[in-house]
Amino acid sequence: MKLSTAEAGRFLAAPSPAAPGFLIYGTDPMRVAIKRAEAIAAIIGPEGEAEMRLTRMSGADLRRDGALLADAIKATGFFPGPRLVFVEEAGDGLAPLILQALASWKPGDAQVLVTAGQLAAKSALRKLFEAHPAAPCIAIYDDPPGQAEIEAQLKKAGLREISPAAMRDLMALGRALDPGDFRQTLEKIGLYKWGDQSPLASEDVAACAPSTVEAEVDDVLHAAAEGRMSDVATLMRRLEAQGIAPVTLAIRTLQHFRALHAAATDPGGAASGMAKLRPPVFGPRRDRMLRQVQNFRPERLEEALGAITDTDLTLRSSTKAPTMALVERLLLRLSALARAR
């Protein structure tokens with residue numbers, strides 16, 4: 001029984017007890033593992049494994065002993081409640097054994113969950129489940145999570161009110177992070193908002209999103225892009241005292257101004273360009289960078305990028321020039337460009 005993406009999402013959230021088994025397969029092991037864990041929790045509950053209502057076996061185990069699956073399905077548990085047999089890393093060679101086990105399944109037996117990697121259309125294992133009238137075949141694609149999936153995960157964390165801006169940020173974050181990191185971020189957001197009944201805001205997402213840069217570096221870049229020349233020198237002394245390498249600062253400056261240039265030259269406008277940035281920019285930082293775009297005409301930003309590139313090349317050469325002073329002079333020049341408009 002082949003399920004659509006929407007049908008698969010509903011099934012994995014609440015697997016039907018009438019299904020003797022189901023197959024989850026896909027190219028990304030992390031995505032398959034996340035969906036597998038979701039289905040297992042939905043079937044046996046949080047205490048199911050501790051109550052020995054979950055039987056795990058690998059494809060290799062089943063190849064060595066073909067009776068393992070049939071015996072596990074019919075076994076009687078010590079604790080009441082639904083039971084599940086999980087067969088991991090199955091291959092086409094196991095299709096006959098799995099078909100035999102599903103054919104003998106009766107209500108009250110343990111359900112069977114089979115996972116596999118990428119399966120071709122002609123795969124015997126895939127064809128088995130696609131042809132079965134009651135055992136779903138679920139393909140996990142490498143698509144980023146959609147709005148419904150994000151809402152469902154946040155709902156589990158106790159969040160029901162999500163602002164449109166926060167949802168846009170979460171969908172952008174879902175495209176930028178791998179599934180495991182994104183799931184952890186959603187869990188972090190749930191803890192961050194614990195006991196807070198206000199709707200999830202863009203600022204909350206920004207506070208919980210993985211941080212890739214140091215705040216002090218951001219401060220001096222914002223000062224330069226906002227034309228605050230007097231603050232640049234003060235912030236540079238602080239960065240120098242912290243031991244930030246000049247080349248690192250030059251690279252971060254190039255990334256920042258490239259982002260401003262991409263937003264300024266986007267056909268759909270600055271907001272559209274900012275939304276396309278990878279990694280995504282969130283909340284107050286995004287709003288601040290949008291205001292910075294207004295300080296520059298595109299040709300000014302191109303001039304800024306040229307100056308940054310020249311300084312970066314100088315820093316990487318064998319020059320004996322005071323490197324931090326070169327970066328400070330660059331940031332002051334960028335600040336002057338922002339003021340000139």
# chains A, B, ... in the order shown; residues from 1 in each chain; ligands from 1
call {"tool": "select_by_dssp", "arguments": {"residues": "stretch 192-251 of chain A", "states": "helix (DSSP H, G or I)", "output": "number ranges by chain"}}
result
A: 192, 202-208, 215-225, 229-242, 246-251
call {"tool": "write_last_selection", "arguments": {"atoms": "N, CA, C and O atoms", "output": "short mmCIF file (atom, residue, chain, number, x, y, z; two decimals), in the first residue's frame"}}
result
data_model
loop_
_atom_site.label_atom_id
_atom_site.label_comp_id
_atom_site.auth_asym_id
_atom_site.auth_seq_id
_atom_site.Cartn_x
_atom_site.Cartn_y
_atom_site.Cartn_z
N TYR A 192 12.58 26.69 25.63
CA TYR A 192 12.73 28.15 25.77
C TYR A 192 11.37 28.81 26.06
O TYR A 192 11.30 29.77 26.84
N SER A 202 9.37 35.70 15.99
CA SER A 202 10.61 35.60 15.24
C SER A 202 11.82 35.77 16.16
O SER A 202 12.85 35.12 15.98
N GLU A 203 11.70 36.62 17.16
CA GLU A 203 12.79 36.84 18.10
C GLU A 203 13.10 35.57 18.89
O GLU A 203 14.26 35.30 19.23
N ASP A 204 12.07 34.77 19.19
CA ASP A 204 12.28 33.51 19.91
C ASP A 204 13.07 32.53 19.05
O ASP A 204 13.96 31.82 19.55
N VAL A 205 12.73 32.47 17.76
CA VAL A 205 13.46 31.59 16.85
C VAL A 205 14.92 32.02 16.77
O VAL A 205 15.83 31.20 16.80
N ALA A 206 15.14 33.33 16.66
CA ALA A 206 16.51 33.84 16.57
C ALA A 206 17.31 33.50 17.83
O ALA A 206 18.50 33.19 17.76
N ALA A 207 16.65 33.54 18.98
CA ALA A 207 17.34 33.25 20.24
C ALA A 207 17.76 31.79 20.35
O ALA A 207 18.74 31.47 21.02
N CYS A 208 17.03 30.90 19.68
CA CYS A 208 17.29 29.47 19.80
C CYS A 208 18.02 28.89 18.59
O CYS A 208 18.48 27.74 18.66
N ALA A 215 29.21 37.18 18.95
CA ALA A 215 28.45 38.42 19.01
C ALA A 215 29.33 39.64 18.83
O ALA A 215 28.94 40.63 18.23
N GLU A 216 30.56 39.57 19.36
CA GLU A 216 31.45 40.73 19.28
C GLU A 216 31.81 41.05 17.82
O GLU A 216 31.93 42.22 17.44
N VAL A 217 32.01 40.02 17.02
CA VAL A 217 32.31 40.24 15.60
C VAL A 217 31.11 40.87 14.92
O VAL A 217 31.24 41.80 14.12
N ASP A 218 29.92 40.36 15.21
CA ASP A 218 28.70 40.96 14.64
C ASP A 218 28.59 42.43 15.00
O ASP A 218 28.19 43.26 14.19
N ASP A 219 28.95 42.77 16.23
CA ASP A 219 28.82 44.16 16.69
C ASP A 219 29.64 45.12 15.82
O ASP A 219 29.15 46.18 15.41
N VAL A 220 30.88 44.74 15.53
CA VAL A 220 31.71 45.66 14.75
C VAL A 220 31.27 45.71 13.30
O VAL A 220 31.34 46.76 12.64
N LEU A 221 30.75 44.59 12.78
CA LEU A 221 30.24 44.60 11.41
C LEU A 221 28.99 45.46 11.29
O LEU A 221 28.82 46.21 10.32
N HIS A 222 28.12 45.38 12.29
CA HIS A 222 26.94 46.24 12.29
C HIS A 222 27.34 47.71 12.39
O HIS A 222 26.76 48.57 11.71
N ALA A 223 28.33 47.99 13.21
CA ALA A 223 28.78 49.38 13.36
C ALA A 223 29.29 49.93 12.04
O ALA A 223 28.98 51.06 11.65
N ALA A 224 30.07 49.12 11.31
CA ALA A 224 30.59 49.56 10.02
C ALA A 224 29.48 49.76 9.01
O ALA A 224 29.45 50.76 8.28
N ALA A 225 28.54 48.82 8.95
CA ALA A 225 27.47 48.90 7.96
C ALA A 225 26.45 49.99 8.28
O ALA A 225 25.68 50.40 7.41
N MET A 229 31.25 55.24 12.80
CA MET A 229 32.71 55.21 12.76
C MET A 229 33.32 55.26 14.15
O MET A 229 34.34 54.61 14.43
N SER A 230 32.74 56.03 15.05
CA SER A 230 33.32 56.17 16.38
C SER A 230 33.29 54.86 17.16
O SER A 230 34.14 54.62 18.03
N ASP A 231 32.30 53.99 16.86
CA ASP A 231 32.20 52.72 17.58
C ASP A 231 33.15 51.67 17.02
O ASP A 231 33.50 50.71 17.73
N VAL A 232 33.54 51.82 15.75
CA VAL A 232 34.39 50.82 15.13
C VAL A 232 35.72 50.67 15.88
O VAL A 232 36.16 49.57 16.20
N ALA A 233 36.36 51.80 16.19
CA ALA A 233 37.65 51.75 16.87
C ALA A 233 37.54 51.09 18.25
O ALA A 233 38.38 50.26 18.62
N THR A 234 36.49 51.45 19.00
CA THR A 234 36.30 50.87 20.33
C THR A 234 36.11 49.36 20.25
O THR A 234 36.72 48.60 21.02
N LEU A 235 35.26 48.93 19.33
CA LEU A 235 34.99 47.50 19.19
C LEU A 235 36.22 46.75 18.68
O LEU A 235 36.46 45.60 19.07
N MET A 236 37.01 47.39 17.83
CA MET A 236 38.22 46.74 17.33
C MET A 236 39.22 46.49 18.46
O MET A 236 39.90 45.45 18.48
N ARG A 237 39.32 47.42 19.40
CA ARG A 237 40.23 47.21 20.54
C ARG A 237 39.77 45.98 21.34
O ARG A 237 40.60 45.19 21.80
N ARG A 238 38.48 45.84 21.48
CA ARG A 238 37.95 44.70 22.24
C ARG A 238 38.25 43.38 21.51
O ARG A 238 38.65 42.39 22.13
N LEU A 239 38.05 43.36 20.19
CA LEU A 239 38.31 42.15 19.42
C LEU A 239 39.79 41.79 19.45
O LEU A 239 40.15 40.62 19.54
N GLU A 240 40.64 42.80 19.35
CA GLU A 240 42.07 42.56 19.37
C GLU A 240 42.49 41.96 20.71
O GLU A 240 43.32 41.05 20.77
N ALA A 241 41.90 42.45 21.79
CA ALA A 241 42.22 41.93 23.12
C ALA A 241 41.76 40.48 23.28
O ALA A 241 42.36 39.72 24.04
N GLN A 242 40.70 40.10 22.56
CA GLN A 242 40.19 38.73 22.64
C GLN A 242 40.96 37.78 21.73
O GLN A 242 40.72 36.57 21.75
N PRO A 246 42.92 38.65 12.39
CA PRO A 246 42.51 39.60 11.35
C PRO A 246 41.91 38.93 10.12
O PRO A 246 40.94 39.43 9.54
N VAL A 247 42.48 37.80 9.70
CA VAL A 247 41.93 37.11 8.52
C VAL A 247 40.51 36.63 8.79
O VAL A 247 39.64 36.72 7.93
N THR A 248 40.27 36.13 9.99
CA THR A 248 38.92 35.69 10.36
C THR A 248 37.94 36.86 10.28
O THR A 248 36.82 36.73 9.77
N LEU A 249 38.35 38.00 10.78
CA LEU A 249 37.50 39.18 10.76
C LEU A 249 37.24 39.64 9.32
O LEU A 249 36.13 40.05 8.97
N ALA A 250 38.26 39.53 8.47
CA ALA A 250 38.09 39.91 7.07
C ALA A 250 37.10 38.98 6.37
O ALA A 250 36.26 39.43 5.57
N ILE A 251 37.18 37.71 6.66
CA ILE A 251 36.26 36.74 6.05
C ILE A 251 34.83 37.02 6.48
O ILE A 251 33.90 37.01 5.67
#
call {"tool": "residues_around", "arguments": {"residues": "stretch 152-156 of chain A", "least_positions_apart": "6", "cutoff": "10 Å", "atoms": "only C-alpha atoms", "output": "ChimeraX atom specification"}}
result
/A:9,13,162,183,186-187,189-190,200
call {"tool": "write_last_selection", "arguments": {"atoms": "C-alpha atoms", "output": "PDB file, in the first residue's frame"}}
result
ATOM      1  CA  GLY A   9       2.780  11.841   7.809  1.00  0.00           C
ATOM      2  CA  ALA A  13       2.000  10.064  13.769  1.00  0.00           C
ATOM      3  CA  ILE A 162       3.039  30.581  16.029  1.00  0.00           C
ATOM      4  CA  ARG A 183      14.769  18.637  15.438  1.00  0.00           C
ATOM      5  CA  LEU A 186      12.638  22.728  17.777  1.00  0.00           C
ATOM      6  CA  GLU A 187      13.094  20.938  21.091  1.00  0.00           C
ATOM      7  CA  ILE A 189      12.449  26.279  21.288  1.00  0.00           C
ATOM      8  CA  GLY A 190       9.919  24.203  23.238  1.00  0.00           C
ATOM      9  CA  LEU A 200       6.076  32.073  19.183  1.00  0.00           C
TER      10      LEU A 200
END
call {"tool": "closest_residue", "arguments": {"among": "A:Glu302, A:Asp266, A:Asp169, A:Glu130", "to": "A:Pro280", "atoms": "only C-alpha atoms"}}
result
A:Asp169
call {"tool": "atom_distance", "arguments": {"atom1": "atom CA of A:Ser163", "atom2": "atom CA of A:Asn295"}}
result
28.9 Å
call {"tool": "closest_residue", "arguments": {"among": "A:Arg285, A:Arg64, A:Arg175, A:Arg53", "to": "A:Phe79", "atoms": "only C-alpha atoms"}}
result
A:Arg53
call {"tool": "residues_around", "arguments": {"residues": "A:Thr309", "least_positions_apart": "6", "cutoff": "12 Å", "atoms": "only C-alpha atoms", "output": "ChimeraX atom specification"}}
result
/A:247,250-255,257-258,302-303,315-316,327,330
call {"tool": "atom_distance", "arguments": {"atom1": "atom CA of A:Arg36", "atom2": "atom CA of A:Ala70"}}
result
20.8 Å
call {"tool": "closest_residue", "arguments": {"among": "A:Gln147, A:Leu260, A:Gly45, A:Gly21", "to": "A:Val87", "atoms": "only C-alpha atoms"}}
result
A:Gly21
call {"tool": "residues_around", "arguments": {"residues": "A:Val281", "least_positions_apart": "4", "cutoff": "12 Å", "atoms": "only C-alpha atoms", "output": "ChimeraX atom specification"}}
result
/A:166,168-173,176,202-203,205-207,209-213,256,259-260,263,271-277,285-290
call {"tool": "residues_around", "arguments": {"residues": "A:Gly117", "least_positions_apart": "6", "cutoff": "7 Å", "atoms": "only C-alpha atoms", "output": "ChimeraX atom specification"}}
result
/A:25-27,89
call {"tool": "write_last_selection", "arguments": {"atoms": "N, CA and C atoms", "output": "PDB file, in the first residue's frame"}}
result
ATOM      1  N   TYR A  25      11.608   3.752   4.017  1.00  0.00           N
ATOM      2  CA  TYR A  25      12.894   3.707   3.320  1.00  0.00           C
ATOM      3  C   TYR A  25      13.234   5.091   2.776  1.00  0.00           C
ATOM      4  N   GLY A  26      14.530   5.336   2.545  1.00  0.00           N
ATOM      5  CA  GLY A  26      14.980   6.610   2.009  1.00  0.00           C
ATOM      6  C   GLY A  26      16.489   6.688   1.958  1.00  0.00           C
ATOM      7  N   THR A  27      16.988   7.699   1.252  1.00  0.00           N
ATOM      8  CA  THR A  27      18.438   7.834   1.070  1.00  0.00           C
ATOM      9  C   THR A  27      19.140   8.402   2.299  1.00  0.00           C
ATOM     10  N   GLU A  89      17.691  -2.100   8.508  1.00  0.00           N
ATOM     11  CA  GLU A  89      18.597  -2.323   7.377  1.00  0.00           C
ATOM     12  C   GLU A  89      18.240  -3.602   6.630  1.00  0.00           C
TER      13      GLU A  89
END
call {"tool": "select_by_dssp", "arguments": {"residues": "stretch 29-152 of chain A", "states": "strand (DSSP E or B)", "output": "ChimeraX atom specification"}}
result
/A:54-58,84-88,111-116,137-140
call {"tool": "residues_around", "arguments": {"residues": "A:Leu326", "least_positions_apart": "3", "cutoff": "9 Å", "atoms": "only C-alpha atoms", "output": "PyMOL selection string"}}
result
chain A and resi 246+311+314-315+321-323+329-331
call {"tool": "closest_residue", "arguments": {"among": "A:Ala135, A:Pro107, A:Pro80, A:Val114", "to": "A:Gly59", "atoms": "only C-alpha atoms"}}
result
A:Val114
call {"tool": "atom_distance", "arguments": {"atom1": "atom CA of A:Leu313", "atom2": "atom CA of A:Arg333"}}
result
16.7 Å
call {"tool": "closest_residue", "arguments": {"among": "A:Ala50, A:Met57, A:Ala121, A:Leu337", "to": "A:Glu226", "atoms": "only C-alpha atoms"}}
result
A:Leu337
call {"tool": "closest_residue", "arguments": {"among": "A:Met324, A:Gly306, A:Ala131, A:Phe296", "to": "A:Ile244", "atoms": "only C-alpha atoms"}}
result
A:Met324
call {"tool": "residues_around", "arguments": {"residues": "stretch 138-142 of chain A", "least_positions_apart": "3", "cutoff": "9 Å", "atoms": "only C-alpha atoms", "output": "PDB file with N, CA and C atoms, in the first residue's frame"}}
result
ATOM      1  N   MET A   1       0.860  -1.188   0.000  1.00  0.00           N
ATOM      2  CA  MET A   1       0.000   0.000   0.000  1.00  0.00           C
ATOM      3  C   MET A   1       0.894   1.234   0.000  1.00  0.00           C
ATOM      4  N   LYS A   2       0.905   1.945  -1.098  1.00  0.00           N
ATOM      5  CA  LYS A   2       1.759   3.122  -1.240  1.00  0.00           C
ATOM      6  C   LYS A   2       1.024   4.350  -0.723  1.00  0.00           C
ATOM      7  N   LEU A   3       1.675   5.122   0.137  1.00  0.00           N
ATOM      8  CA  LEU A   3       1.060   6.305   0.731  1.00  0.00           C
ATOM      9  C   LEU A   3       1.677   7.568   0.156  1.00  0.00           C
ATOM     10  N   SER A   4       0.842   8.610   0.014  1.00  0.00           N
ATOM     11  CA  SER A   4       1.344   9.917  -0.376  1.00  0.00           C
ATOM     12  C   SER A   4       2.086  10.539   0.808  1.00  0.00           C
ATOM     13  N   THR A   5       2.751  11.654   0.561  1.00  0.00           N
ATOM     14  CA  THR A   5       3.510  12.306   1.635  1.00  0.00           C
ATOM     15  C   THR A   5       2.603  12.697   2.793  1.00  0.00           C
ATOM     16  N   ALA A   8       1.375   9.573   4.558  1.00  0.00           N
ATOM     17  CA  ALA A   8       2.466   8.981   5.327  1.00  0.00           C
ATOM     18  C   ALA A   8       2.687   9.719   6.645  1.00  0.00           C
ATOM     19  N   PHE A  22       4.756  -2.165   8.224  1.00  0.00           N
ATOM     20  CA  PHE A  22       4.978  -1.071   7.281  1.00  0.00           C
ATOM     21  C   PHE A  22       6.469  -0.906   7.047  1.00  0.00           C
ATOM     22  N   LEU A  23       6.778  -0.348   5.879  1.00  0.00           N
ATOM     23  CA  LEU A  23       8.162  -0.147   5.456  1.00  0.00           C
ATOM     24  C   LEU A  23       8.453   1.345   5.390  1.00  0.00           C
ATOM     25  N   ILE A  24       9.589   1.758   5.953  1.00  0.00           N
ATOM     26  CA  ILE A  24      10.087   3.126   5.816  1.00  0.00           C
ATOM     27  C   ILE A  24      11.445   3.043   5.141  1.00  0.00           C
ATOM     28  N   TYR A  25      11.608   3.752   4.017  1.00  0.00           N
ATOM     29  CA  TYR A  25      12.894   3.707   3.320  1.00  0.00           C
ATOM     30  C   TYR A  25      13.234   5.091   2.776  1.00  0.00           C
ATOM     31  N   GLY A  26      14.530   5.336   2.545  1.00  0.00           N
ATOM     32  CA  GLY A  26      14.980   6.610   2.009  1.00  0.00           C
ATOM     33  C   GLY A  26      16.489   6.688   1.958  1.00  0.00           C
ATOM     34  N   THR A  27      16.988   7.699   1.252  1.00  0.00           N
ATOM     35  CA  THR A  27      18.438   7.834   1.070  1.00  0.00           C
ATOM     36  C   THR A  27      19.140   8.402   2.299  1.00  0.00           C
ATOM     37  N   ASP A  28      18.437   9.216   3.093  1.00  0.00           N
ATOM     38  CA  ASP A  28      19.052   9.881   4.240  1.00  0.00           C
ATOM     39  C   ASP A  28      18.774   9.075   5.510  1.00  0.00           C
ATOM     40  N   ARG A  31      16.932  11.057   8.356  1.00  0.00           N
ATOM     41  CA  ARG A  31      15.499  11.292   8.145  1.00  0.00           C
ATOM     42  C   ARG A  31      14.700  10.017   8.409  1.00  0.00           C
ATOM     43  N   VAL A  32      15.213   8.881   7.928  1.00  0.00           N
ATOM     44  CA  VAL A  32      14.539   7.603   8.172  1.00  0.00           C
ATOM     45  C   VAL A  32      14.501   7.307   9.669  1.00  0.00           C
ATOM     46  N   LYS A  35      11.788   9.425  11.489  1.00  0.00           N
ATOM     47  CA  LYS A  35      10.433   8.928  11.240  1.00  0.00           C
ATOM     48  C   LYS A  35      10.206   7.587  11.926  1.00  0.00           C
ATOM     49  N   GLN A 118      17.871   3.514   0.301  1.00  0.00           N
ATOM     50  CA  GLN A 118      17.210   3.779  -0.968  1.00  0.00           C
ATOM     51  C   GLN A 118      16.850   2.476  -1.670  1.00  0.00           C
ATOM     52  N   PHE A 129       5.582  -4.378  -0.137  1.00  0.00           N
ATOM     53  CA  PHE A 129       4.732  -3.498   0.670  1.00  0.00           C
ATOM     54  C   PHE A 129       3.782  -2.681  -0.216  1.00  0.00           C
ATOM     55  N   GLU A 130       4.230  -2.273  -1.386  1.00  0.00           N
ATOM     56  CA  GLU A 130       3.347  -1.508  -2.276  1.00  0.00           C
ATOM     57  C   GLU A 130       2.155  -2.345  -2.718  1.00  0.00           C
TER      58      GLU A 130
END
